[in-house]
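**Student:** Dropping in data_11.txt, which is compact mmCIF, C-alpha atoms:
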```txt
# COMPACT_ATOMS: atom_id res chain seq x y z
CA MET A 26 -89.49 233.04 -114.76
CA PRO A 27 -87.54 231.13 -117.44
CA ARG A 28 -88.37 232.13 -121.00
CA CYS A 29 -87.24 228.84 -122.55
CA VAL A 30 -86.94 225.40 -120.94
CA ALA A 31 -85.50 222.28 -122.55
CA LEU A 32 -87.17 218.96 -121.72
CA ILE A 33 -85.11 215.85 -122.41
CA VAL A 34 -87.18 212.67 -122.71
CA ALA A 35 -85.16 209.83 -121.17
CA ALA A 36 -87.83 207.52 -119.73
CA GLY A 37 -87.67 204.82 -122.38
CA ARG A 38 -86.98 201.19 -121.56
CA GLY A 39 -85.92 200.04 -125.04
CA HIS A 40 -83.17 197.41 -124.74
CA ARG A 41 -82.35 196.94 -128.41
CA PHE A 42 -78.68 196.91 -127.46
CA GLY A 43 -79.34 193.96 -125.16
CA GLY A 44 -79.03 193.74 -121.40
CA GLU A 45 -80.66 195.81 -118.72
CA MET A 46 -79.04 199.17 -119.45
CA PRO A 47 -81.42 201.64 -121.17
CA LYS A 48 -79.66 203.13 -124.17
CA GLN A 49 -79.71 206.71 -122.87
CA TYR A 50 -77.28 205.63 -120.14
CA ARG A 51 -74.90 203.76 -122.43
CA MET A 52 -71.37 205.12 -122.19
CA LEU A 53 -69.49 206.74 -125.04
CA ALA A 54 -65.94 208.01 -124.52
CA GLY A 55 -66.47 208.18 -120.78
CA LYS A 56 -69.89 209.90 -120.76
CA SER A 57 -73.45 208.66 -121.13
CA LEU A 58 -75.53 209.56 -124.17
CA LEU A 59 -77.87 211.47 -121.86
CA ARG A 60 -75.05 213.64 -120.55
CA TYR A 61 -73.99 214.72 -124.04
CA CYS A 62 -77.38 216.22 -124.84
CA ALA A 63 -77.91 217.57 -121.29
CA GLU A 64 -74.61 219.45 -121.55
CA ALA A 65 -75.55 220.83 -124.97
CA PHE A 66 -78.77 222.38 -123.68
CA ALA A 67 -77.36 223.46 -120.31
CA ARG A 68 -74.67 225.58 -121.96
CA HIS A 69 -76.88 227.12 -124.66
CA PRO A 70 -77.29 230.88 -124.10
CA LYS A 71 -81.00 230.87 -125.02
CA ILE A 72 -81.95 227.98 -122.72
CA ASP A 73 -82.82 229.11 -119.20
CA ALA A 74 -83.40 225.69 -117.60
CA VAL A 75 -83.15 221.99 -118.44
CA ARG A 76 -85.28 219.17 -117.04
CA VAL A 77 -84.92 215.45 -117.76
CA ILE A 78 -87.88 213.07 -117.78
CA ILE A 79 -86.77 209.68 -116.44
CA HIS A 80 -88.13 206.24 -115.65
CA PRO A 81 -88.89 205.79 -111.92
CA ASP A 82 -86.38 202.91 -111.71
CA ASP A 83 -83.51 204.93 -113.21
CA ARG A 84 -82.79 207.55 -110.54
CA ALA A 85 -79.38 206.14 -109.62
CA LEU A 86 -78.38 205.91 -113.30
CA TYR A 87 -79.62 209.46 -113.86
CA ASP A 88 -77.75 210.90 -110.87
CA ALA A 89 -74.50 209.34 -112.05
CA ALA A 90 -75.04 210.49 -115.64
CA VAL A 91 -75.63 214.19 -114.89
CA GLU A 92 -73.47 214.65 -111.81
CA GLY A 93 -72.22 218.23 -111.58
CA LEU A 94 -74.69 219.69 -114.12
CA ASP A 95 -77.05 222.49 -113.06
CA LEU A 96 -80.41 220.99 -114.03
CA LEU A 97 -83.94 221.16 -112.67
CA PRO A 98 -84.92 218.10 -110.61
CA PRO A 99 -86.01 215.23 -112.86
CA VAL A 100 -89.60 214.09 -113.17
CA HIS A 101 -90.98 210.65 -113.89
CA GLY A 102 -92.29 209.75 -117.31
CA GLY A 103 -95.19 207.55 -118.34
CA ALA A 104 -95.81 204.29 -120.17
CA GLU A 105 -95.39 205.81 -123.64
CA ARG A 106 -93.19 208.58 -124.98
CA GLN A 107 -96.21 210.82 -125.52
CA ASP A 108 -97.20 210.34 -121.87
CA SER A 109 -93.66 211.24 -120.78
CA ALA A 110 -93.61 214.44 -122.83
CA ARG A 111 -96.99 215.48 -121.43
CA LEU A 112 -95.89 214.81 -117.84
CA GLY A 113 -92.75 216.84 -118.44
CA LEU A 114 -94.83 219.73 -119.76
CA GLU A 115 -97.19 219.50 -116.78
CA SER A 116 -94.20 219.76 -114.43
CA LEU A 117 -93.44 223.21 -115.84
CA ALA A 118 -96.90 224.63 -115.16
CA GLY A 119 -95.70 226.63 -112.17
CA MET A 120 -92.89 228.19 -114.21
CA LYS A 121 -95.04 229.11 -117.22
CA PRO A 122 -92.15 229.48 -119.67
CA ASP A 123 -92.75 231.17 -122.99
CA HIS A 124 -91.15 228.39 -125.00
CA VAL A 125 -90.21 224.76 -124.50
CA LEU A 126 -87.93 222.47 -126.47
CA ILE A 127 -88.55 218.72 -126.33
CA HIS A 128 -85.61 216.47 -127.18
CA ASP A 129 -84.94 212.72 -127.19
CA ALA A 130 -82.04 211.62 -125.02
CA ALA A 131 -80.99 209.13 -127.71
CA ARG A 132 -79.87 212.06 -129.92
CA PRO A 133 -76.65 213.06 -128.13
CA PHE A 134 -75.39 215.75 -130.53
CA PRO A 135 -77.79 218.72 -130.86
CA ASP A 136 -75.40 221.52 -131.84
CA GLU A 137 -75.83 225.13 -130.73
CA ALA A 138 -76.80 226.48 -134.15
CA LEU A 139 -79.54 223.87 -134.52
CA VAL A 140 -81.01 224.72 -131.12
CA THR A 141 -80.87 228.43 -131.96
CA ARG A 142 -82.70 227.92 -135.27
CA THR A 143 -85.43 225.98 -133.51
CA ILE A 144 -85.98 228.65 -130.86
CA ASP A 145 -85.87 231.54 -133.34
CA ALA A 146 -88.55 229.92 -135.51
CA LEU A 147 -91.02 230.27 -132.63
CA ALA A 148 -91.18 234.00 -133.27
CA THR A 149 -93.45 233.30 -136.26
CA ALA A 150 -94.81 229.79 -135.67
CA ALA A 151 -96.38 227.91 -132.76
CA GLY A 152 -93.99 225.01 -133.30
CA ALA A 153 -90.71 224.23 -134.99
CA VAL A 154 -89.20 220.87 -135.92
CA ALA A 155 -85.54 220.22 -136.65
CA SER A 156 -85.62 218.18 -139.87
CA VAL A 157 -83.51 217.14 -142.81
CA PRO A 158 -84.79 216.75 -146.38
CA VAL A 159 -85.16 213.26 -147.82
CA ASN A 160 -82.52 212.78 -150.52
CA ASP A 161 -82.83 209.05 -151.18
CA THR A 162 -85.32 207.60 -153.62
CA LEU A 163 -88.22 206.07 -151.71
CA LYS A 164 -89.90 202.76 -152.54
CA ARG A 165 -93.17 201.40 -151.23
CA ALA A 166 -93.09 197.64 -150.63
CA GLY A 167 -95.81 195.31 -151.75
CA ALA A 168 -96.44 191.60 -151.25
CA GLY A 169 -93.30 189.58 -150.72
CA ASN A 170 -91.25 192.78 -150.41
CA ALA A 171 -91.59 193.45 -154.12
CA VAL A 172 -91.52 197.13 -155.08
CA ALA A 173 -95.09 198.33 -155.39
CA ALA A 174 -94.36 201.96 -156.22
CA THR A 175 -91.76 204.71 -156.21
CA VAL A 176 -92.75 207.47 -153.81
CA ASP A 177 -92.28 211.07 -154.83
CA ARG A 178 -89.77 212.48 -152.33
CA ALA A 179 -90.44 216.12 -153.22
CA GLY A 180 -91.31 218.03 -150.07
CA LEU A 181 -90.50 215.11 -147.73
CA TRP A 182 -88.38 215.70 -144.61
CA ARG A 183 -87.10 213.45 -141.82
CA ALA A 184 -88.10 214.83 -138.43
CA GLN A 185 -85.54 215.06 -135.64
CA THR A 186 -85.51 216.65 -132.20
CA PRO A 187 -85.38 219.18 -130.63
CA GLN A 188 -88.91 220.22 -131.43
CA GLY A 189 -89.80 223.66 -130.09
CA PHE A 190 -93.18 225.08 -129.13
CA ARG A 191 -94.94 227.91 -127.42
CA TYR A 192 -95.45 226.40 -124.02
CA ALA A 193 -99.12 227.09 -123.29
CA GLU A 194 -100.21 225.87 -126.71
CA ILE A 195 -98.28 222.60 -126.74
CA LEU A 196 -99.41 221.80 -123.18
CA ALA A 197 -103.04 222.26 -124.19
CA ALA A 198 -102.47 220.18 -127.33
CA HIS A 199 -100.94 217.32 -125.33
CA ARG A 200 -103.76 217.37 -122.80
CA ALA A 201 -106.29 217.11 -125.61
CA VAL A 202 -104.78 213.91 -127.06
CA ALA A 203 -103.76 212.16 -123.83
CA GLY A 204 -104.02 208.43 -124.33
CA GLN A 205 -103.55 208.53 -128.08
CA ALA A 206 -100.36 207.36 -129.81
CA LEU A 207 -99.04 210.11 -132.07
CA THR A 208 -95.50 209.69 -133.35
CA ASP A 209 -93.90 212.89 -132.06
CA ASP A 210 -94.71 216.22 -130.42
CA ALA A 211 -95.01 217.95 -133.78
CA ALA A 212 -97.81 215.50 -134.64
CA VAL A 213 -99.54 216.51 -131.41
CA ALA A 214 -99.27 220.16 -132.42
CA GLU A 215 -100.51 219.43 -135.94
CA HIS A 216 -103.50 217.54 -134.52
CA ALA A 217 -104.40 220.69 -132.57
CA GLY A 218 -104.18 222.81 -135.72
CA LEU A 219 -101.04 224.66 -134.64
CA SER A 220 -98.63 225.98 -137.25
CA VAL A 221 -95.38 224.01 -137.24
CA ALA A 222 -92.30 225.22 -139.12
CA LEU A 223 -89.54 223.03 -140.51
CA VAL A 224 -86.04 224.20 -139.58
CA MET A 225 -82.89 222.72 -141.05
CA GLY A 226 -81.58 219.92 -138.89
CA ASN A 227 -78.18 218.27 -138.95
CA GLU A 228 -77.10 214.81 -140.09
CA ASP A 229 -74.86 214.61 -137.01
CA ASN A 230 -78.00 214.92 -134.88
CA PHE A 231 -78.82 211.26 -135.49
CA LYS A 232 -80.67 208.93 -133.15
CA VAL A 233 -78.69 206.16 -131.47
CA THR A 234 -80.82 203.05 -131.86
CA THR A 235 -78.40 200.21 -132.66
CA GLU A 236 -74.81 199.22 -131.94
CA ASP A 237 -73.90 200.55 -135.39
CA ASP A 238 -75.28 203.94 -134.36
CA LEU A 239 -73.16 203.84 -131.21
CA ALA A 240 -70.09 203.10 -133.33
CA ARG A 241 -71.01 206.02 -135.60
CA ALA A 242 -71.25 208.26 -132.55
CA ALA A 243 -67.82 207.09 -131.43
CA ARG A 244 -66.38 207.92 -134.85
CA LYS A 245 -67.90 211.38 -134.69
CA LEU A 246 -66.16 211.99 -131.39
CA GLY A 247 -62.94 210.59 -132.75
CA ALA A 248 -63.13 207.98 -130.03
CA GLY A 249 -63.20 205.01 -132.36
CA ALA A 250 -63.54 201.58 -130.83
CA GLU A 251 -61.19 198.85 -129.86
CA THR A 252 -61.46 195.10 -129.45
CA ARG A 253 -60.03 193.56 -126.30
CA ILE A 254 -59.36 189.89 -125.64
CA GLY A 255 -59.52 188.12 -122.29
CA MET A 256 -58.67 184.56 -121.26
CA GLY A 257 -60.09 182.49 -118.43
CA PHE A 258 -59.11 179.14 -116.93
CA ASP A 259 -60.74 177.12 -114.16
CA VAL A 260 -60.48 173.69 -112.53
CA HIS A 261 -62.77 171.77 -110.18
CA ARG A 262 -62.29 168.29 -108.79
CA PHE A 263 -64.92 165.60 -108.71
CA GLY A 264 -66.61 164.68 -105.44
CA PRO A 265 -69.81 163.09 -104.17
CA GLY A 266 -72.94 163.65 -106.23
CA ASP A 267 -75.00 162.49 -109.18
CA LYS A 268 -74.84 165.57 -111.41
CA VAL A 269 -72.65 168.50 -112.43
CA TRP A 270 -73.50 172.05 -113.45
CA LEU A 271 -71.88 172.97 -116.75
CA CYS A 272 -72.52 176.19 -118.67
CA GLY A 273 -75.63 176.85 -116.63
CA ILE A 274 -77.35 173.49 -117.20
CA GLU A 275 -77.59 170.35 -115.10
CA VAL A 276 -75.85 167.27 -116.51
CA ALA A 277 -76.30 163.82 -114.95
CA HIS A 278 -73.01 162.21 -113.91
CA THR A 279 -71.58 159.67 -111.50
CA HIS A 280 -69.96 162.46 -109.46
CA GLY A 281 -70.46 166.10 -108.63
CA LEU A 282 -67.98 168.96 -108.89
CA VAL A 283 -66.63 170.45 -105.69
CA GLY A 284 -66.50 174.22 -105.21
CA HIS A 285 -67.67 177.08 -103.03
CA SER A 286 -70.46 177.95 -105.48
CA ASP A 287 -72.13 175.43 -107.79
CA ALA A 288 -68.65 174.72 -109.25
CA ASP A 289 -69.71 175.42 -112.84
CA VAL A 290 -66.26 175.23 -114.36
CA GLY A 291 -67.48 176.49 -117.75
CA LEU A 292 -69.21 179.63 -116.51
CA HIS A 293 -66.29 180.40 -114.20
CA ALA A 294 -63.82 180.31 -117.10
CA ILE A 295 -66.03 182.52 -119.29
CA THR A 296 -66.57 184.99 -116.43
CA ASP A 297 -62.82 185.36 -115.91
CA ALA A 298 -62.27 185.79 -119.66
CA ILE A 299 -64.76 188.66 -119.84
CA LEU A 300 -63.44 190.32 -116.69
CA GLY A 301 -59.93 190.05 -118.09
CA ALA A 302 -60.96 191.66 -121.38
CA ILE A 303 -62.18 194.79 -119.59
CA GLY A 304 -59.40 194.89 -116.99
CA ALA A 305 -61.75 194.13 -114.10
CA GLY A 306 -59.76 191.53 -112.20
CA ASP A 307 -61.06 188.02 -111.70
CA ILE A 308 -64.09 186.24 -110.33
CA GLY A 309 -62.59 185.93 -106.85
CA GLN A 310 -62.30 189.72 -106.49
CA HIS A 311 -66.00 190.23 -107.24
CA PHE A 312 -67.32 187.13 -105.45
CA PRO A 313 -64.78 186.10 -102.78
CA PRO A 314 -64.96 182.40 -101.82
CA SER A 315 -64.50 183.52 -98.21
CA ASP A 316 -67.92 185.21 -98.33
CA PRO A 317 -70.57 182.74 -97.15
CA GLN A 318 -73.31 184.37 -99.27
CA TRP A 319 -71.81 182.74 -102.37
CA ARG A 320 -71.79 179.22 -100.93
CA GLY A 321 -73.69 177.06 -103.41
CA ALA A 322 -74.62 180.10 -105.50
CA PRO A 323 -75.56 179.54 -109.17
CA SER A 324 -72.71 180.71 -111.35
CA ASP A 325 -74.99 182.50 -113.79
CA ILE A 326 -74.95 185.32 -111.22
CA PHE A 327 -71.21 185.72 -111.77
CA LEU A 328 -71.43 185.67 -115.55
CA ALA A 329 -74.35 188.09 -115.69
CA HIS A 330 -72.36 190.49 -113.48
CA ALA A 331 -69.40 190.41 -115.86
CA ALA A 332 -71.70 191.12 -118.82
CA LYS A 333 -73.26 194.03 -116.91
CA LEU A 334 -69.81 195.56 -116.32
CA VAL A 335 -69.12 195.41 -120.06
CA ARG A 336 -72.34 197.26 -120.88
CA GLU A 337 -71.72 199.88 -118.21
CA LYS A 338 -68.49 200.70 -120.01
CA GLY A 339 -70.40 201.19 -123.25
CA GLY A 340 -69.08 197.91 -124.60
CA GLU A 341 -70.38 194.86 -126.41
CA ILE A 342 -69.47 191.20 -126.02
CA GLN A 343 -68.45 190.09 -129.49
CA ASN A 344 -67.98 186.40 -128.81
CA VAL A 345 -66.97 183.78 -126.25
CA ASP A 346 -65.23 180.50 -127.05
CA LEU A 347 -65.13 177.83 -124.34
CA THR A 348 -63.31 174.49 -124.25
CA LEU A 349 -64.28 171.95 -121.59
CA ILE A 350 -61.53 169.45 -120.77
CA CYS A 351 -62.61 166.10 -119.34
CA GLU A 352 -62.95 162.38 -119.99
CA ARG A 353 -66.51 162.31 -118.71
CA PRO A 354 -69.34 163.29 -118.87
CA LYS A 355 -69.77 163.44 -122.63
CA ILE A 356 -70.33 167.06 -123.65
CA GLY A 357 -71.52 166.63 -127.25
CA PRO A 358 -75.16 165.78 -126.51
CA HIS A 359 -75.47 168.88 -124.30
CA ARG A 360 -73.65 171.46 -126.42
CA PRO A 361 -76.70 173.13 -128.02
CA ARG A 362 -78.35 173.68 -124.63
CA MET A 363 -75.09 174.91 -123.12
CA GLU A 364 -74.52 177.42 -125.89
CA ALA A 365 -78.10 178.63 -125.72
CA ARG A 366 -77.93 179.05 -121.94
CA VAL A 367 -74.65 181.00 -122.04
CA ALA A 368 -76.06 183.28 -124.75
CA GLU A 369 -79.15 183.82 -122.62
CA ILE A 370 -77.13 184.79 -119.54
CA LEU A 371 -74.93 187.17 -121.57
CA ASP A 372 -77.96 188.46 -123.50
CA VAL A 373 -76.17 188.05 -126.83
CA ALA A 374 -77.04 186.28 -130.05
CA ARG A 375 -76.68 182.52 -129.94
CA GLU A 376 -74.07 182.54 -132.73
CA ARG A 377 -71.70 184.56 -130.55
CA VAL A 378 -71.17 181.57 -128.23
CA SER A 379 -69.13 178.43 -128.91
CA VAL A 380 -68.75 175.47 -126.54
CA LYS A 381 -66.29 172.69 -127.39
CA ALA A 382 -64.86 169.71 -125.53
CA THR A 383 -61.65 167.75 -125.60
CA THR A 384 -59.79 165.16 -123.54
CA THR A 385 -56.14 164.93 -122.51
CA GLU A 386 -55.78 161.38 -123.89
CA LYS A 387 -55.91 159.89 -120.37
CA LEU A 388 -53.02 162.12 -119.22
CA GLY A 389 -53.02 164.26 -116.07
CA PHE A 390 -55.77 164.76 -113.50
CA THR A 391 -58.49 165.11 -116.14
CA GLY A 392 -57.21 161.93 -117.84
CA ARG A 393 -57.43 160.11 -114.51
CA ASP A 394 -61.05 161.35 -114.21
CA GLU A 395 -60.25 163.28 -111.05
CA GLY A 396 -61.85 166.53 -112.18
CA MET A 397 -62.62 168.94 -115.01
CA ALA A 398 -60.91 171.97 -116.47
CA ALA A 399 -62.13 174.71 -118.77
CA GLN A 400 -60.48 177.48 -120.72
CA ALA A 401 -62.28 180.38 -122.38
CA ILE A 402 -61.50 183.32 -124.60
CA ALA A 403 -63.78 186.35 -124.83
CA SER A 404 -63.59 189.33 -127.17
CA VAL A 405 -65.19 192.62 -126.18
CA ARG A 406 -65.62 195.83 -128.16
CA LEU A 407 -65.23 198.99 -126.10
CA PRO A 408 -65.12 202.70 -126.87
CA ALA A 409 -61.40 203.45 -127.06
CA ALA A 410 -61.53 206.10 -124.33
CA SER A 411 -63.46 203.95 -121.83
```
Can you turn what I pasted into structure tokens?
**Tutor:**
Amino acid sequence: MPRCVALIVAAGRGHRFGGEMPKQYRMLAGKSLLRYCAEAFARHPKIDAVRVIIHPDDRALYDAAVEGLDLLPPVHGGAERQDSARLGLESLAGMKPDHVLIHDAARPFPDEALVTRTIDALATAAGAVASVPVNDTLKRAGAGNAVAATVDRAGLWRAQTPQGFRYAEILAAHRAVAGQALTDDAAVAEHAGLSVALVMGNEDNFKVTTEDDLARAARKLGAGAETRIGMGFDVHRFGPGDKVWLCGIEVAHTHGLVGHSDADVGLHAITDAILGAIGAGDIGQHFPPSDPQWRGAPSDIFLAHAAKLVREKGGEIQNVDLTLICERPKIGPHRPRMEARVAEILDVARERVSVKATTTEKLGFTGRDEGMAAQAIASVRLPAAS
């Protein structure tokens, strides 16, 4: 039977980064955040087995993230983190390990010495929490964010994970508070009256919560980040109809635009710009016009796919800048809705999107009112090794 098992909690659905990709599967220098911490525990000499607690919808993401690692089969988590930790502990009942470490997948860098300190502390305490002392002066806010008091920081620590426990005792403690909302597993142990020791953590063992944290993680790895630029251009001719689709919204017009999909010239240009920035070809490679399933398809499908590819590479769309080229219809009255819709499809802040319009002074096919053109530029930040 294993003496010590590491449980990695990776069932969260927080999308603070934006998009559909849970943060534990975000890529950093070619590997997911989850894989970094799974590797750290799998290679530790005092860890006998590793199990990951995942969301039921994430099995494909999980399999890709840990491919090749020797881990126990994953188990499904619950609605809250505390539920997930308890379910992970329950899954080990047949193994009855002496000790268990519980770690958050969003902390990708638990070093070997830190894990060792946490395990060794269990020789004299029922629980052990990796922590770092608070060094900053603390202020308590009052009304209107005015300082109400300075808080004495003496004896205050910031809790991290892993948090280690004697298995039978932490399982019983979790069962006793099922349904409550305690902040971490150490709080569960404290509620049960168990002794919990503080062990020195590591500032590099930080939690990745925001894009700034992801950039910090990249700097730690020496991966850095790079900004890439892509350009897109598209043209559609006018044909029969009484409206056009532009930037994901319907605009009344004397003609329609002709194309295999909904002929949204704006979204097509932005899609190609994003695909170009990440070296992923063009819209026709991903959605061939020869494929009948895309006949009349809304172009937001294409743009959302390009944004998804960026996030799968661990990247972030920094901005898109679109210029629509036509004599008619007038774009100005519709610009705010267009920009808002593009931002919604990309799942980025509204200020990251710009839509402009110009004419060709009656020159060329757009000047003759035969069709519309659009050109777009997109900038994307990617981990340098992606």
**Student:** Which residues of segment 37-110 of chain A have any atom within 10 Å of an atom in segment 187-200 of chain A when counting only C-alpha atoms, and what is the closest pair of atoms for each, with the distance in Å to one decimal? Order the rows by chain and rising number and write it as CSV.
**Tutor:**
```
residue,atom,partner,partner_atom,distance
A:Gln107,CA,A:His199,CA,8.0
A:Asp108,CA,A:His199,CA,8.6
A:Ala110,CA,A:His199,CA,8.3
```
**Student:** Report the distance between atom CA of Val77 of chain A and atom CA of Leu96 of chain A in Å, rounded to one decimal place.
**Tutor:** 8.1 Å
**Student:** With distances taken over all atoms listed in the file, which of A:Arg142, A:Arg84, A:Arg244, A:Arg406 is nearest to Arg336 of chain A?
**Tutor:**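 Of A:Arg142, A:Arg84, A:Arg244, A:Arg406, the one nearest Arg336 of chain A, counting all atoms listed in the file, is A:Arg406.
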**Student:** What does the distance from atom CA of Asp209 of chain A to atom CA of Leu58 of chain A come to in Å, to one decimal?
**Tutor:**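 The value is 20.3 Å.
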**Student:** Show me the residues around (-92.7, 206.8, -119.9) - criterion: an atom at most 9 Å away, all atoms listed in the file counted - as a PDB file with C-alpha atoms, in the coordinates of the input.
**Tutor:**
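Contents of part.pdb, as written:
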```pdb
ATOM      1  CA  VAL A  34     -87.180 212.670-122.710  1.00  0.00           C
ATOM      2  CA  ALA A  35     -85.160 209.830-121.170  1.00  0.00           C
ATOM      3  CA  ALA A  36     -87.830 207.520-119.730  1.00  0.00           C
ATOM      4  CA  GLY A  37     -87.670 204.820-122.380  1.00  0.00           C
ATOM      5  CA  ARG A  38     -86.980 201.190-121.560  1.00  0.00           C
ATOM      6  CA  ILE A  78     -87.880 213.070-117.780  1.00  0.00           C
ATOM      7  CA  ILE A  79     -86.770 209.680-116.440  1.00  0.00           C
ATOM      8  CA  HIS A  80     -88.130 206.240-115.650  1.00  0.00           C
ATOM      9  CA  PRO A  81     -88.890 205.790-111.920  1.00  0.00           C
ATOM     10  CA  HIS A 101     -90.980 210.650-113.890  1.00  0.00           C
ATOM     11  CA  GLY A 102     -92.290 209.750-117.310  1.00  0.00           C
ATOM     12  CA  GLY A 103     -95.190 207.550-118.340  1.00  0.00           C
ATOM     13  CA  ALA A 104     -95.810 204.290-120.170  1.00  0.00           C
ATOM     14  CA  GLU A 105     -95.390 205.810-123.640  1.00  0.00           C
ATOM     15  CA  ARG A 106     -93.190 208.580-124.980  1.00  0.00           C
ATOM     16  CA  GLN A 107     -96.210 210.820-125.520  1.00  0.00           C
ATOM     17  CA  ASP A 108     -97.200 210.340-121.870  1.00  0.00           C
ATOM     18  CA  SER A 109     -93.660 211.240-120.780  1.00  0.00           C
ATOM     19  CA  ALA A 110     -93.610 214.440-122.830  1.00  0.00           C
ATOM     20  CA  LEU A 112     -95.890 214.810-117.840  1.00  0.00           C
TER      21      LEU A 112
END
```
**Student:** When you draw a straight line from atom CA of Asp82 of chain A to atom CA of Arg60 of chain A, how long is it in Å?
**Tutor:**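 Result for atom CA of Asp82 of chain A versus atom CA of Arg60 of chain A: 17.9 Å, one decimal.
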**Student:** When distances are computed from all atoms listed in the file, which of A:Ala184, A:Met46, A:Cys62, A:Ile402 shows the smallest separation from Ala298 of chain A?
**Tutor:** A:Ile402
**Student:** Considering only C-alpha atoms, can you say which of A:Pro317, A:Gly309, A:Pro265, A:Pro135 comes closest to Thr186 of chain A?
**Tutor:**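 Under the stated criterion, the closest residue is A:Pro135.
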**Student:** Would you mind telling me which residue in A:Val276, A:Ala365, A:Ala399, A:Val233 lies nearest to Gly291 of chain A when using only C-alpha atoms?
**Tutor:** A:Ala399
**Student:** Pick out the closest residue to Arg362 of chain A from this set: A:Ala217, A:Val380, A:Ala203, A:Ala63. Count all atoms listed in the file.
**Tutor:**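 Result for the nearest residue to Arg362 of chain A: A:Val380.
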